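Presented below is the structure to which this report refers.
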Amino acid sequence: MKLENEDALDNLIICHQCYTLHEEIPIKDGSKACCSVCGGILYRYDNRLIDHGLALSITGLIFFILANVFPLVQIDILGSEQYITIPKTIFSLFESGFYVVGMICAFLIFIFPLMIFAINLILFTLLKFERGDLWTKDLLILLSHITPWSMTDIFLISILVALVKLIGYAQIHMGISFWALAVFVLIDLYIVKRLHLSEVWMLRKRIIQNRERNDRG
Amino acid sequence: MIEVDEDKLIRCPVCAAVNIDRGKANSCRRCGSGIYQHRRFSTEKSWAYLITAMIAYIPANLYPMLVSTQFGATEGSTILGGVVLLWEHGSYPIALIIFVASIMIPVVKFLILIYLLISVKYPIGKDKKVNKHKLYYLTEIIGPWSMIDVFVVAILAALIHLANIEIVAGTAATAFALSVFFTLLAAHAFDETLIKENK
């Protein structure tokens with residue numbers, strides 16, 4: 001295989017699932033390219049990725065705040081009312097002496113999701129105003145290290161499992177936060193699991209190249 | 001013009017950029033992170049994490065996951081005990097979810113990782129047909145879901161705090177959380193470029 005220089009490697013892509021080498025070709029706005037061997041998605045093309053990313057990170061942050069300040073679920077058991085919030089769940093683990101589990105839970109369902117959305121917000125803002133090239137690079141590296149460790153989707157399923165266990169013993173009321181968390185998880189699935197970070201890397205490269213061309217000409 | 005062998009192209013584990021494999025001390029041309037620089041200890045790091053995870057998985061199954069105190073009587077239930085109890089009560093879907101998440105997924109993950117780690121060093125006969133990249137991808141996707149049980153315990157412990165009835169997390173919760181944590185680390189430390197078959 002012959003290449004002009006090392007930069008031409010950017011036209012190649014290796015499938016996430018089966019490690020097959022592919023050549024990247026331009027595709028229509030809003031469509032996706034799939035692997036010819038395993039059918040996994042290689043990349044998508046979104047013309048307004050920055051605007052979508054920015055809008056979704058702001059919405060995500062708002063719903064994250066809502067999900068943390070209001071009660072998640074409320075139960076009536078033996079005549080007394082109990083409710084939990086996400087921070088309360090973590091703190092009660094610390095109170096009963098489970099520091100390790102408490103720390104792990106705090107990172108997986110609070111700190112990392114918050115960091116991911118905050119980083120996305122800063123990242124897309126910087127890309128929008130075409131500033132801070134070094135910053136965007138560091139943020140993208142940090143982002144790819146912490147995305148596998150965000151588990152709000154699993155936490156949402158866990159709430160349902162815990163509640164099913166309690167059916168018959170207690171009366172259950174879903175709180176505002178539960179619905180806020182459900183929306184947050186949907187946005188999280190879109191922005192973290194669906195968006196490949198390599199698309200953002202390519203976007204960053206295009207922005208830098210455009211600027212260099214404008215500076216020259 | 002440079003001539004590149006297609007088999008020599010590797011993917012950066014951090015930013016997914018395609019790079020040329022130069023043997024030792026590869027660093028990504030896009031993000032600068034090192035790409036599996038520990039060539040002499042290619043599988044040892046992953047083994048270490050995996051063995052730690054397997055050791056932690058033993059107390060996770062022996063000690064109680066959930067300790068409930070009802071009117072002074074304390075009762076603990078292990079992971080398997082909880083599944084059996086739920087099955088007997090007739091909540092089959094929940095029993096299945098807990099069984100799959102806390103017993104099947106960790107064990108399957110251990111087995112897949114052991115198989116991958118052994119087979120990349122000592123190819124076992126006719127295993128060329130197995131798509132190891134797919135297997136590895138599978139462990140990455142299913143891995144985090146075993147945290148369900150830990151989260152359920154955390155939620156129940158926070159929710160049930162009454163004068164007469166109280167639920168607290170058990171010793172197994174710590175062991176199990178650590179086990180999941182280390183299996184995830186083991187999967188991340190696995191060097192995907194060692195798999196040669198499907199290139």
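Going through the structure tokens in order, the chains are called A, B, and so on, while each chain numbers its residues from 1 and the ligands are numbered from 1 in the order shown.
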
Interface, chain B side, toward chain A (7 Å; only C-alpha atoms) as number ranges by chain:
B: 1-6, 11, 14-18, 31, 94, 133-134, 137, 145, 148, 151-152, 154-156, 158-159, 174, 177, 199

Please provide the set of residues having any atom within 12 Å of range 118-131 of chain A, restricted to only C-alpha atoms, with same-chain residues fewer than 3 positions apart removed, written as number ranges by chain.
A: 48-62, 64-65, 111-115, 134-144, 146-147, 188, 191-192, 195, 197, 200-212

Contact residues around Ile118 in chain B with only C-alpha atoms at 12 Å, ignoring same-chain residues under 4 positions, as a PyMOL selection string:
chain B and resi 42-44+46-47+111-114+122-124+127+132+190+194-195

What does the distance from CA of Pro59 in chain B to CA of Pro144 in chain B come to in Å, to one decimal?
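CA of Pro59 in chain B sits 19.6 Å away from CA of Pro144 in chain B.
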
One-decimal distance in Å that lies between CA of Glu75 in chain B and CA of Met103 in chain A:
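Answer for the CA of Met103 in chain A to CA of Glu75 in chain B separation: 25.8 Å.
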
Any chance you could list, as a PyMOL selection string, the residues in range 74-146 of chain B that come up helix (DSSP H, G or I) when DSSP is run on the backbone?
chain B and resi 79-89+92-121+127-129+132-146

Using DSSP secondary structure from the backbone, list all strand (DSSP E or B) positions within range 59-132 of chain A, as a PyMOL selection string.
chain A and resi 73-77+80-84

Straight-line distance linking CA of Ile176 in chain A with CA of Phe70 in chain A, stated in Å to one decimal:
6.2 Å

Write out as a PyMOL selection string which residues come within 9 Å of Phe99 in chain B when counting only C-alpha atoms, dropping same-chain ones fewer than 6 positions away.
chain B and resi 79-80+83+105

Using only all heavy atoms, please write the residues we just selected to a file, as a PDB file, in the first residue's frame.
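Below is the file result-v8.pdb, written as the result:
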ATOM      1  N   ILE B  79     -25.102 -13.430  46.768  1.00  0.00           N
ATOM      2  CA  ILE B  79     -25.612 -13.158  45.414  1.00  0.00           C
ATOM      3  C   ILE B  79     -26.489 -14.310  44.943  1.00  0.00           C
ATOM      4  O   ILE B  79     -27.645 -14.127  44.559  1.00  0.00           O
ATOM      5  CB  ILE B  79     -24.449 -12.951  44.428  1.00  0.00           C
ATOM      6  CG1 ILE B  79     -23.650 -11.702  44.792  1.00  0.00           C
ATOM      7  CG2 ILE B  79     -24.968 -12.829  43.009  1.00  0.00           C
ATOM      8  CD1 ILE B  79     -22.425 -11.489  43.952  1.00  0.00           C
ATOM      9  N   LEU B  80     -25.931 -15.529  45.038  1.00  0.00           N
ATOM     10  CA  LEU B  80     -26.666 -16.696  44.557  1.00  0.00           C
ATOM     11  C   LEU B  80     -27.925 -16.919  45.390  1.00  0.00           C
ATOM     12  O   LEU B  80     -28.994 -17.227  44.865  1.00  0.00           O
ATOM     13  CB  LEU B  80     -25.749 -17.921  44.607  1.00  0.00           C
ATOM     14  CG  LEU B  80     -26.084 -19.042  43.643  1.00  0.00           C
ATOM     15  CD1 LEU B  80     -26.047 -18.537  42.206  1.00  0.00           C
ATOM     16  CD2 LEU B  80     -25.120 -20.204  43.814  1.00  0.00           C
ATOM     17  N   VAL B  83     -30.615 -14.634  44.291  1.00  0.00           N
ATOM     18  CA  VAL B  83     -31.222 -15.066  43.023  1.00  0.00           C
ATOM     19  C   VAL B  83     -32.232 -16.192  43.287  1.00  0.00           C
ATOM     20  O   VAL B  83     -33.354 -16.167  42.784  1.00  0.00           O
ATOM     21  CB  VAL B  83     -30.130 -15.526  42.028  1.00  0.00           C
ATOM     22  CG1 VAL B  83     -30.760 -16.148  40.793  1.00  0.00           C
ATOM     23  CG2 VAL B  83     -29.256 -14.362  41.624  1.00  0.00           C
ATOM     24  N   ILE B 105     -22.200 -12.689  33.462  1.00  0.00           N
ATOM     25  CA  ILE B 105     -21.307 -11.737  32.795  1.00  0.00           C
ATOM     26  C   ILE B 105     -19.880 -11.779  33.360  1.00  0.00           C
ATOM     27  O   ILE B 105     -18.928 -11.907  32.589  1.00  0.00           O
ATOM     28  CB  ILE B 105     -21.906 -10.309  32.808  1.00  0.00           C
ATOM     29  CG1 ILE B 105     -23.124 -10.265  31.885  1.00  0.00           C
ATOM     30  CG2 ILE B 105     -20.891  -9.275  32.371  1.00  0.00           C
ATOM     31  CD1 ILE B 105     -23.788  -8.922  31.795  1.00  0.00           C
TER      32      ILE B 105
END

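Minimum distance to His161 in chain B across B:Ser119, B:Thr74, B:Asn131, B:Ser68 (counting only C-alpha atoms) occurs at B:Ser68.
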
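In this comparison, which uses only C-alpha atoms, the residue of B:Ile51, B:Ala175, B:Leu135, B:Val84 approaching Leu96 in chain B most closely is B:Val84.
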
Would you pick out the contacts of Phe110 in chain B at 10 Å or less, using only C-alpha atoms, so that residues sharing its chain but fewer than 5 positions from it are not included, and give the list as number ranges by chain?
B: 50-51, 53-54, 104-105, 115-116, 139, 183, 186-187
